[in-house]
$ cat work.cif   # mmCIF, C-alpha atoms
data_query
#
loop_
_atom_site.group_PDB
_atom_site.id
_atom_site.type_symbol
_atom_site.label_atom_id
_atom_site.label_comp_id
_atom_site.auth_asym_id
_atom_site.auth_seq_id
_atom_site.Cartn_x
_atom_site.Cartn_y
_atom_site.Cartn_z
ATOM 1 C CA MET A 9 127.149 102.705 -75.629
ATOM 2 C CA LYS A 10 129.781 105.414 -75.977
ATOM 3 C CA GLY A 11 128.234 108.741 -76.941
ATOM 4 C CA ILE A 12 124.715 107.679 -75.947
ATOM 5 C CA THR A 13 124.212 110.726 -73.722
ATOM 6 C CA LYS A 14 124.426 113.015 -76.773
ATOM 7 C CA LYS A 15 121.184 111.398 -77.928
ATOM 8 C CA PHE A 16 119.508 112.345 -74.628
ATOM 9 C CA ARG A 17 119.591 116.021 -75.540
ATOM 10 C CA GLY A 18 116.241 117.568 -76.288
ATOM 11 C CA LYS A 19 114.187 114.443 -75.578
ATOM 12 C CA LYS A 20 110.828 115.455 -74.134
ATOM 13 C CA ILE A 21 109.748 113.321 -71.199
ATOM 14 C CA LEU A 22 106.493 113.652 -69.260
ATOM 15 C CA VAL A 23 106.959 112.797 -65.574
ATOM 16 C CA ILE A 24 103.740 111.898 -63.754
ATOM 17 C CA GLY A 25 103.809 111.163 -60.057
ATOM 18 C CA ASP A 26 104.282 112.204 -56.458
ATOM 19 C CA LEU A 27 106.231 115.453 -56.214
ATOM 20 C CA MET A 28 107.985 116.284 -52.952
ATOM 21 C CA ILE A 29 110.770 118.175 -51.227
ATOM 22 C CA ASP A 30 113.747 116.374 -49.706
ATOM 23 C CA GLU A 31 114.948 118.513 -46.808
ATOM 24 C CA TYR A 32 118.198 117.983 -44.906
ATOM 25 C CA ILE A 33 119.141 119.350 -41.494
ATOM 26 C CA SER A 34 122.886 118.798 -41.107
ATOM 27 C CA GLY A 35 125.012 119.141 -37.993
ATOM 28 C CA LYS A 36 127.215 117.292 -35.545
ATOM 29 C CA VAL A 37 126.642 115.130 -32.471
ATOM 30 C CA GLU A 38 128.814 115.539 -29.379
ATOM 31 C CA ARG A 39 126.458 114.555 -26.556
ATOM 32 C CA ILE A 40 123.358 112.624 -25.552
ATOM 33 C CA SER A 41 120.223 114.456 -24.479
ATOM 34 C CA PRO A 42 119.583 114.557 -20.695
ATOM 35 C CA GLU A 43 115.852 114.330 -21.488
ATOM 36 C CA ALA A 44 115.962 110.986 -23.345
ATOM 37 C CA PRO A 45 118.658 108.539 -24.588
ATOM 38 C CA VAL A 46 118.929 110.223 -27.979
ATOM 39 C CA PRO A 47 121.747 112.188 -29.633
ATOM 40 C CA VAL A 48 121.614 115.977 -29.657
ATOM 41 C CA VAL A 49 122.302 117.314 -33.148
ATOM 42 C CA GLU A 50 123.873 120.759 -33.217
ATOM 43 C CA ALA A 51 122.293 121.946 -36.456
ATOM 44 C CA LYS A 52 124.552 123.870 -38.823
ATOM 45 C CA GLU A 53 122.689 123.936 -42.119
ATOM 46 C CA THR A 54 119.310 123.288 -43.711
ATOM 47 C CA THR A 55 119.087 122.467 -47.403
ATOM 48 C CA ALA A 56 116.207 121.426 -49.638
ATOM 49 C CA LYS A 57 116.042 119.686 -53.021
ATOM 50 C CA PRO A 58 113.278 118.405 -55.307
ATOM 51 C CA GLY A 59 112.399 114.823 -54.358
ATOM 52 C CA GLY A 60 110.272 111.923 -55.577
ATOM 53 C CA ALA A 61 108.959 112.471 -59.091
ATOM 54 C CA ALA A 62 110.470 115.970 -58.979
ATOM 55 C CA ASN A 63 113.909 114.394 -58.563
ATOM 56 C CA VAL A 64 113.241 112.221 -61.626
ATOM 57 C CA ALA A 65 112.643 115.446 -63.551
ATOM 58 C CA VAL A 66 115.876 116.956 -62.188
ATOM 59 C CA ASN A 67 117.792 113.862 -63.318
ATOM 60 C CA LEU A 68 116.289 114.150 -66.793
ATOM 61 C CA LYS A 69 117.099 117.860 -67.047
ATOM 62 C CA THR A 70 120.684 117.296 -65.903
ATOM 63 C CA LEU A 71 121.083 114.697 -68.645
ATOM 64 C CA GLY A 72 120.002 117.179 -71.308
ATOM 65 C CA ALA A 73 116.358 116.161 -71.704
ATOM 66 C CA LYS A 74 113.309 118.414 -71.550
ATOM 67 C CA PRO A 75 111.077 117.131 -68.741
ATOM 68 C CA ILE A 76 107.680 118.443 -67.763
ATOM 69 C CA VAL A 77 106.071 117.471 -64.454
ATOM 70 C CA LEU A 78 102.430 116.490 -64.084
ATOM 71 C CA GLY A 79 101.559 116.205 -60.423
ATOM 72 C CA VAL A 80 100.182 117.883 -57.328
ATOM 73 C CA VAL A 81 101.475 120.226 -54.641
ATOM 74 C CA GLY A 82 99.612 121.827 -51.784
ATOM 75 C CA ASN A 83 98.557 125.460 -51.944
ATOM 76 C CA ASP A 84 101.176 126.298 -49.316
ATOM 77 C CA GLU A 85 104.650 127.791 -48.874
ATOM 78 C CA LYS A 86 106.385 124.454 -49.486
ATOM 79 C CA GLY A 87 104.420 124.062 -52.710
ATOM 80 C CA LYS A 88 105.602 127.488 -53.867
ATOM 81 C CA MET A 89 109.139 126.550 -52.845
ATOM 82 C CA LEU A 90 109.070 123.317 -54.850
ATOM 83 C CA GLU A 91 107.663 125.060 -57.911
ATOM 84 C CA GLN A 92 110.404 127.692 -57.727
ATOM 85 C CA MET A 93 113.116 125.056 -57.279
ATOM 86 C CA LEU A 94 111.941 123.296 -60.429
ATOM 87 C CA LYS A 95 111.657 126.507 -62.436
ATOM 88 C CA LYS A 96 115.137 127.555 -61.309
ATOM 89 C CA ARG A 97 116.449 124.297 -62.773
ATOM 90 C CA GLY A 98 114.691 124.969 -66.072
ATOM 91 C CA ILE A 99 111.960 122.357 -65.594
ATOM 92 C CA ASP A 100 108.527 123.030 -67.087
ATOM 93 C CA THR A 101 105.891 123.291 -64.345
ATOM 94 C CA SER A 102 102.961 124.384 -66.529
ATOM 95 C CA LEU A 103 101.085 121.153 -65.745
ATOM 96 C CA LEU A 104 101.587 121.454 -61.983
ATOM 97 C CA ILE A 105 98.263 121.280 -60.095
ATOM 98 C CA LYS A 106 97.637 122.876 -56.686
ATOM 99 C CA ASP A 107 95.372 120.994 -54.307
ATOM 100 C CA GLU A 108 93.823 122.987 -51.459
ATOM 101 C CA THR A 109 92.990 119.810 -49.509
ATOM 102 C CA ARG A 110 96.533 118.448 -48.955
ATOM 103 C CA PRO A 111 99.996 119.627 -47.929
ATOM 104 C CA THR A 112 103.035 119.526 -50.157
ATOM 105 C CA THR A 113 104.967 116.363 -49.281
ATOM 106 C CA VAL A 114 108.211 117.084 -47.407
ATOM 107 C CA LYS A 115 110.691 114.490 -46.129
ATOM 108 C CA THR A 116 113.015 116.004 -43.521
ATOM 109 C CA ARG A 117 116.209 114.071 -42.771
ATOM 110 C CA ILE A 118 118.430 114.767 -39.763
ATOM 111 C CA ILE A 119 122.081 114.190 -40.704
ATOM 112 C CA ALA A 120 125.173 114.065 -38.495
ATOM 113 C CA GLY A 121 128.380 113.694 -40.456
ATOM 114 C CA ALA A 122 127.491 111.217 -43.201
ATOM 115 C CA GLN A 123 124.938 109.382 -41.028
ATOM 116 C CA GLN A 124 121.169 109.813 -41.278
ATOM 117 C CA LEU A 125 119.739 109.729 -37.756
ATOM 118 C CA LEU A 126 116.050 110.397 -38.312
ATOM 119 C CA ARG A 127 113.465 111.192 -40.980
ATOM 120 C CA VAL A 128 110.271 113.183 -40.467
ATOM 121 C CA ASP A 129 107.556 113.060 -43.163
ATOM 122 C CA TRP A 130 104.966 115.788 -43.721
ATOM 123 C CA GLU A 131 102.416 114.382 -46.129
ATOM 124 C CA SER A 132 98.981 113.059 -47.029
ATOM 125 C CA LYS A 133 98.670 109.528 -48.410
ATOM 126 C CA GLU A 134 95.018 109.913 -49.330
ATOM 127 C CA TYR A 135 94.158 109.383 -52.993
ATOM 128 C CA LEU A 136 93.399 112.582 -54.875
ATOM 129 C CA ASN A 137 89.836 113.794 -55.010
ATOM 130 C CA ARG A 138 87.818 113.076 -58.147
ATOM 131 C CA GLU A 139 88.144 116.582 -59.557
ATOM 132 C CA ILE A 140 91.960 116.559 -59.393
ATOM 133 C CA VAL A 141 92.146 113.011 -60.799
ATOM 134 C CA LEU A 142 90.083 114.009 -63.824
ATOM 135 C CA LYS A 143 92.246 117.100 -64.338
ATOM 136 C CA ILE A 144 95.408 114.959 -64.390
ATOM 137 C CA ILE A 145 93.877 112.457 -66.827
ATOM 138 C CA GLU A 146 92.711 115.275 -69.079
ATOM 139 C CA GLU A 147 96.187 116.824 -69.176
ATOM 140 C CA PHE A 148 97.760 113.408 -69.803
ATOM 141 C CA ARG A 149 95.482 112.506 -72.699
ATOM 142 C CA GLU A 150 95.828 115.941 -74.279
ATOM 143 C CA ASP A 151 99.608 116.210 -74.058
ATOM 144 C CA PHE A 152 101.144 112.744 -74.396
ATOM 145 C CA ARG A 153 101.668 113.046 -78.174
ATOM 146 C CA ASN A 154 104.071 115.922 -77.530
ATOM 147 C CA PHE A 155 106.488 113.659 -75.654
ATOM 148 C CA ASP A 156 109.078 111.060 -76.587
ATOM 149 C CA GLY A 157 108.375 109.046 -73.452
ATOM 150 C CA ILE A 158 106.424 108.970 -70.195
ATOM 151 C CA ILE A 159 107.685 108.108 -66.708
ATOM 152 C CA ILE A 160 105.217 107.240 -63.933
ATOM 153 C CA SER A 161 106.984 107.806 -60.602
ATOM 154 C CA ASP A 162 104.884 106.319 -57.796
ATOM 155 C CA TYR A 163 105.773 107.140 -54.191
ATOM 156 C CA GLY A 164 102.393 106.089 -52.791
ATOM 157 C CA LYS A 165 101.162 109.595 -51.958
ATOM 158 C CA GLY A 166 97.874 109.406 -53.876
ATOM 159 C CA VAL A 167 98.620 110.733 -57.371
ATOM 160 C CA ILE A 168 98.675 107.316 -59.072
ATOM 161 C CA THR A 169 95.160 105.999 -59.727
ATOM 162 C CA GLU A 170 93.261 103.358 -61.671
ATOM 163 C CA GLU A 171 92.108 106.009 -64.143
ATOM 164 C CA LEU A 172 95.717 106.971 -64.858
ATOM 165 C CA PHE A 173 96.628 103.415 -65.840
ATOM 166 C CA LYS A 174 93.636 103.112 -68.120
ATOM 167 C CA ALA A 175 94.932 106.207 -69.908
ATOM 168 C CA ALA A 176 98.521 104.895 -69.830
ATOM 169 C CA ALA A 177 97.416 101.683 -71.584
ATOM 170 C CA GLU A 178 95.986 103.771 -74.413
ATOM 171 C CA VAL A 179 99.208 105.784 -74.626
ATOM 172 C CA LYS A 180 101.327 102.643 -74.811
ATOM 173 C CA LYS A 181 99.148 101.292 -77.637
ATOM 174 C CA SER A 182 99.986 104.445 -79.597
ATOM 175 C CA GLY A 183 103.650 103.398 -79.562
ATOM 176 C CA LYS A 184 104.949 105.611 -76.757
ATOM 177 C CA ILE A 185 107.412 104.264 -74.197
ATOM 178 C CA VAL A 186 105.806 104.279 -70.733
ATOM 179 C CA THR A 187 107.941 103.249 -67.755
ATOM 180 C CA LEU A 188 106.955 102.830 -64.118
ATOM 181 C CA ASP A 189 108.821 103.058 -60.828
ATOM 182 C CA PRO A 190 106.341 101.168 -58.587
ATOM 183 C CA LYS A 191 105.224 101.292 -54.970
ATOM 184 C CA GLU A 192 103.715 98.303 -53.158
ATOM 185 C CA ARG A 193 100.550 100.175 -52.241
ATOM 186 C CA ASN A 194 99.411 100.351 -55.864
ATOM 187 C CA PHE A 195 100.281 96.953 -57.333
ATOM 188 C CA HIS A 196 96.557 96.346 -57.806
ATOM 189 C CA LEU A 197 96.407 99.327 -60.188
ATOM 190 C CA TYR A 198 99.322 98.659 -62.540
ATOM 191 C CA HIS A 199 98.987 97.250 -66.041
ATOM 192 C CA ASP A 200 99.998 97.790 -69.659
ATOM 193 C CA VAL A 201 103.251 99.753 -69.476
ATOM 194 C CA THR A 202 106.474 99.197 -71.387
ATOM 195 C CA ALA A 203 108.535 98.358 -68.320
ATOM 196 C CA MET A 204 108.659 98.693 -64.559
ATOM 197 C CA THR A 205 111.734 98.993 -62.317
ATOM 198 C CA PRO A 206 111.018 97.381 -58.925
ATOM 199 C CA ASN A 207 113.699 96.705 -56.333
ATOM 200 C CA MET A 208 114.001 93.297 -54.657
ATOM 201 C CA LYS A 209 111.523 94.037 -51.868
ATOM 202 C CA GLU A 210 108.945 95.436 -54.290
ATOM 203 C CA THR A 211 109.394 92.453 -56.597
ATOM 204 C CA TYR A 212 108.711 90.061 -53.729
ATOM 205 C CA GLN A 213 105.641 92.048 -52.694
ATOM 206 C CA ALA A 214 104.349 92.001 -56.262
ATOM 207 C CA VAL A 215 104.806 88.331 -57.194
ATOM 208 C CA GLY A 216 105.928 86.475 -54.051
ATOM 209 C CA ILE A 217 109.435 85.659 -55.324
ATOM 210 C CA TYR A 218 112.523 87.285 -53.780
ATOM 211 C CA PRO A 219 114.988 87.851 -56.671
ATOM 212 C CA GLU A 220 118.174 87.161 -54.750
ATOM 213 C CA THR A 221 119.721 84.904 -57.398
ATOM 214 C CA GLU A 222 119.716 85.176 -61.164
ATOM 215 C CA GLU A 223 117.389 82.183 -61.345
ATOM 216 C CA THR A 224 114.831 83.651 -58.942
ATOM 217 C CA ALA A 225 115.138 87.050 -60.633
ATOM 218 C CA GLU A 226 114.257 85.422 -63.947
ATOM 219 C CA LYS A 227 111.238 83.658 -62.446
ATOM 220 C CA ALA A 228 110.070 86.828 -60.738
ATOM 221 C CA GLY A 229 110.573 88.899 -63.879
ATOM 222 C CA LYS A 230 108.489 86.518 -65.979
ATOM 223 C CA LYS A 231 105.703 86.750 -63.399
ATOM 224 C CA LEU A 232 105.925 90.550 -63.418
ATOM 225 C CA ILE A 233 105.604 90.600 -67.205
ATOM 226 C CA GLU A 234 102.595 88.317 -67.139
ATOM 227 C CA LYS A 235 100.824 89.912 -64.180
ATOM 228 C CA PHE A 236 101.253 93.542 -65.230
ATOM 229 C CA LYS A 237 101.288 93.100 -69.035
ATOM 230 C CA LEU A 238 104.812 94.486 -69.488
ATOM 231 C CA ASP A 239 107.129 94.296 -72.467
ATOM 232 C CA PHE A 240 109.995 93.671 -70.032
ATOM 233 C CA ALA A 241 110.996 94.207 -66.390
ATOM 234 C CA LEU A 242 114.143 95.745 -64.921
ATOM 235 C CA ILE A 243 114.699 94.472 -61.378
ATOM 236 C CA THR A 244 117.218 96.453 -59.314
ATOM 237 C CA ARG A 245 119.021 94.045 -56.985
ATOM 238 C CA SER A 246 121.146 96.306 -54.779
ATOM 239 C CA GLU A 247 124.753 95.069 -54.512
ATOM 240 C CA LYS A 248 123.919 92.230 -56.931
ATOM 241 C CA GLY A 249 123.275 94.667 -59.783
ATOM 242 C CA MET A 250 120.253 94.522 -62.076
ATOM 243 C CA SER A 251 118.317 91.911 -64.012
ATOM 244 C CA LEU A 252 116.547 92.758 -67.248
ATOM 245 C CA ILE A 253 113.885 90.145 -67.901
ATOM 246 C CA LYS A 254 112.226 89.794 -71.295
ATOM 247 C CA ARG A 255 109.661 87.252 -72.418
ATOM 248 C CA ASP A 256 112.240 85.145 -74.221
ATOM 249 C CA LYS A 257 115.518 85.807 -72.370
ATOM 250 C CA SER A 258 117.178 87.383 -69.337
ATOM 251 C CA TYR A 259 120.173 89.665 -68.965
ATOM 252 C CA HIS A 260 121.991 90.045 -65.624
ATOM 253 C CA ILE A 261 124.306 92.988 -64.960
ATOM 254 C CA PRO A 262 126.721 93.103 -61.985
ATOM 255 C CA ALA A 263 126.700 96.158 -59.714
ATOM 256 C CA LYS A 264 129.035 99.012 -60.620
ATOM 257 C CA ALA A 265 129.118 101.006 -57.370
ATOM 258 C CA LYS A 266 132.614 101.400 -55.905
ATOM 259 C CA GLN A 267 131.358 102.888 -52.632
ATOM 260 C CA VAL A 268 127.821 103.267 -51.314
ATOM 261 C CA TYR A 269 127.169 106.410 -49.262
ATOM 262 C CA ASP A 270 123.438 106.943 -49.761
ATOM 263 C CA VAL A 271 120.771 105.166 -51.833
ATOM 264 C CA THR A 272 118.346 108.116 -51.536
ATOM 265 C CA GLY A 273 116.965 108.870 -54.995
ATOM 266 C CA ALA A 274 118.897 106.084 -56.723
ATOM 267 C CA GLY A 275 115.687 104.647 -58.165
ATOM 268 C CA ASP A 276 114.884 108.062 -59.630
ATOM 269 C CA THR A 277 118.214 108.108 -61.440
ATOM 270 C CA VAL A 278 117.792 104.553 -62.715
ATOM 271 C CA ILE A 279 114.364 105.105 -64.256
ATOM 272 C CA ALA A 280 115.393 108.477 -65.723
ATOM 273 C CA VAL A 281 118.489 107.048 -67.432
ATOM 274 C CA PHE A 282 116.786 103.799 -68.446
ATOM 275 C CA THR A 283 113.859 105.639 -70.060
ATOM 276 C CA LEU A 284 116.065 108.208 -71.779
ATOM 277 C CA SER A 285 118.252 105.440 -73.176
ATOM 278 C CA LEU A 286 115.202 103.662 -74.590
ATOM 279 C CA VAL A 287 113.788 106.783 -76.246
ATOM 280 C CA ALA A 288 117.292 107.555 -77.577
ATOM 281 C CA GLY A 289 117.193 104.244 -79.460
ATOM 282 C CA ALA A 290 119.161 101.922 -77.158
ATOM 283 C CA SER A 291 118.066 98.301 -76.871
ATOM 284 C CA PRO A 292 116.549 97.301 -73.499
ATOM 285 C CA GLU A 293 119.822 95.472 -72.709
ATOM 286 C CA LYS A 294 121.984 98.521 -73.422
ATOM 287 C CA ALA A 295 119.528 100.813 -71.631
ATOM 288 C CA ALA A 296 119.780 98.591 -68.545
ATOM 289 C CA GLU A 297 123.594 98.673 -68.696
ATOM 290 C CA ILE A 298 123.644 102.460 -68.866
ATOM 291 C CA ALA A 299 121.102 102.751 -66.031
ATOM 292 C CA ASN A 300 123.225 100.385 -63.946
ATOM 293 C CA ILE A 301 126.277 102.576 -64.485
ATOM 294 C CA ALA A 302 124.305 105.688 -63.509
ATOM 295 C CA GLY A 303 122.919 104.005 -60.401
ATOM 296 C CA GLY A 304 126.438 103.020 -59.353
ATOM 297 C CA ILE A 305 127.544 106.640 -59.630
ATOM 298 C CA VAL A 306 124.636 108.178 -57.733
ATOM 299 C CA VAL A 307 124.839 105.911 -54.652
ATOM 300 C CA GLY A 308 128.386 107.200 -54.174
ATOM 301 C CA LYS A 309 126.954 110.659 -53.429
ATOM 302 C CA LEU A 310 125.341 111.829 -50.182
ATOM 303 C CA GLY A 311 121.696 112.899 -50.326
ATOM 304 C CA THR A 312 119.194 113.054 -53.150
ATOM 305 C CA ALA A 313 121.522 113.224 -56.149
ATOM 306 C CA PHE A 314 121.762 112.981 -59.920
ATOM 307 C CA VAL A 315 124.345 112.103 -62.544
ATOM 308 C CA LYS A 316 125.799 114.234 -65.294
ATOM 309 C CA PRO A 317 126.275 113.047 -68.895
ATOM 310 C CA GLU A 318 130.047 113.365 -68.598
ATOM 311 C CA GLU A 319 130.056 111.095 -65.526
ATOM 312 C CA ILE A 320 128.240 108.379 -67.462
ATOM 313 C CA GLU A 321 130.489 108.776 -70.499
ATOM 314 C CA LYS A 322 133.607 108.634 -68.337
ATOM 315 C CA ALA A 323 132.394 105.459 -66.637
ATOM 316 C CA ILE A 324 131.644 103.886 -70.025
ATOM 317 C CA GLU A 325 135.081 104.922 -71.271
ATOM 318 C CA GLU A 326 136.737 103.354 -68.235
ATOM 319 C CA GLY A 327 134.682 100.192 -68.648
ATOM 320 C CA ALA A 328 133.036 100.640 -65.255
#

$ encode --input "work.cif" --output "structure tokens"
Amino acid sequence: MKGITKKFRGKKILVIGDLMIDEYISGKVERISPEAPVPVVEAKETTAKPGGAANVAVNLKTLGAKPIVLGVVGNDEKGKMLEQMLKKRGIDTSLLIKDETRPTTVKTRIIAGAQQLLRVDWESKEYLNREIVLKIIEEFREDFRNFDGIIISDYGKGVITEELFKAAAEVKKSGKIVTLDPKERNFHLYHDVTAMTPNMKETYQAVGIYPETEETAEKAGKKLIEKFKLDFALITRSEKGMSLIKRDKSYHIPAKAKQVYDVTGAGDTVIAVFTLSLVAGASPEKAAEIANIAGGIVVGKLGTAFVKPEEIEKAIEEGA
């Protein structure tokens, strides 16, 4: 695995999915409100970062890849902000679509110290209108040959549709790697991708088996493969690590996190590193190991985060 991140450089990855802003209002708590039994946060700072599928793109860019985002923002100030944040990070936004009928998704988290107290979501969960759906499918079908791999990042905000998965099945048949980070809302839509990366809760919702043990993870993974026509499944199992399930064998990897501060965006890091490793030529087993290492690093950071190539290489060197 050593030196794998050098092979990430220049890989072109198309990221399709729900783009959003992760906003943080940070402060301290020293008293309870006289109006209701809730803490009063003395706000000190507001920060904003790309979230959802946009955070997947940031992870890819940080690792040396060349991501391009295909998704939707509202025709509003937050949409302009998100586009500028991505451009500032060197991420291609030429396929970004503005939708007049919906707001840009923003998740606002209230933080005191290292503790998240509250989250406020500004969003629409309605599926995209027919015109926007067709525009996304057209861009996807026209551009997929220009990419080494495709990531579908589903946060259940309406971008992922039945039409998209019909197109994705065609793309996979062409030999492209197509990976999916799923959301329970759309299990009825998924089929014919290379791999999906559900967590334990999502796995249970998909196939009715909670993958708490290696045995149940293997059973659940086989059902995922059969139900969604996957080549393999990578189940993230929190403190138990990950399980890579193939048709003929299973591979279980213990967790690598030393301390867990925040799991926000960890799934974005996992699918970014897993997909990049696959397109860089790693076997599914090695790709899962590298993704597990990256996930262990990112949960040790507060807020929506990402990993750097040198962090992964150092962890590999140290045998983390």

$ residues_around --input "work.cif" --residues "Ile40 of chain A" --least-positions-apart "5" --cutoff "12 Å" --atoms "all atoms listed in the file" --output "PyMOL selection string"
chain A and resi 45-50

$ closest_residue --input "work.cif" --among "A:Leu242, A:Ala177, A:Leu94, A:Ala203" --to "Ala228 of chain A" --atoms "only C-alpha atoms"
A:Leu242

$ closest_residue --input "work.cif" --among "A:Gln213, A:Thr169, A:Asn67, A:Asn300" --to "Ile324 of chain A" --atoms "only C-alpha atoms"
A:Asn300

$ residues_around --input "work.cif" --residues "segment 78-87 of chain A" --least-positions-apart "3" --cutoff "9 Å" --atoms "only C-alpha atoms" --output "JSON, numbers by chain"
{"A": [22, 23, 24, 25, 26, 27, 28, 29, 61, 90, 91, 92, 101, 102, 103, 104, 105, 106, 107, 108, 109, 110, 111, 112, 113, 114, 136, 140, 144, 147, 148, 167]}

$ resolve_selection --input "work.cif" --expression "the PyMOL selection byres ((chain A and resi 100) around 7)" --output "CSV table (one decimal) with C-alpha atoms, in the frame of the given file"
chain,number,residue,atom,x,y,z
A,75,PRO,CA,111.1,117.1,-68.7
A,76,ILE,CA,107.7,118.4,-67.8
A,77,VAL,CA,106.1,117.5,-64.5
A,95,LYS,CA,111.7,126.5,-62.4
A,98,GLY,CA,114.7,125.0,-66.1
A,99,ILE,CA,112.0,122.4,-65.6
A,101,THR,CA,105.9,123.3,-64.3
A,102,SER,CA,103.0,124.4,-66.5

$ closest_residue --input "work.cif" --among "A:Asn194, A:Ser41, A:Asn154, A:Thr277" --to "Gly59 of chain A" --atoms "all atoms listed in the file"
A:Thr277
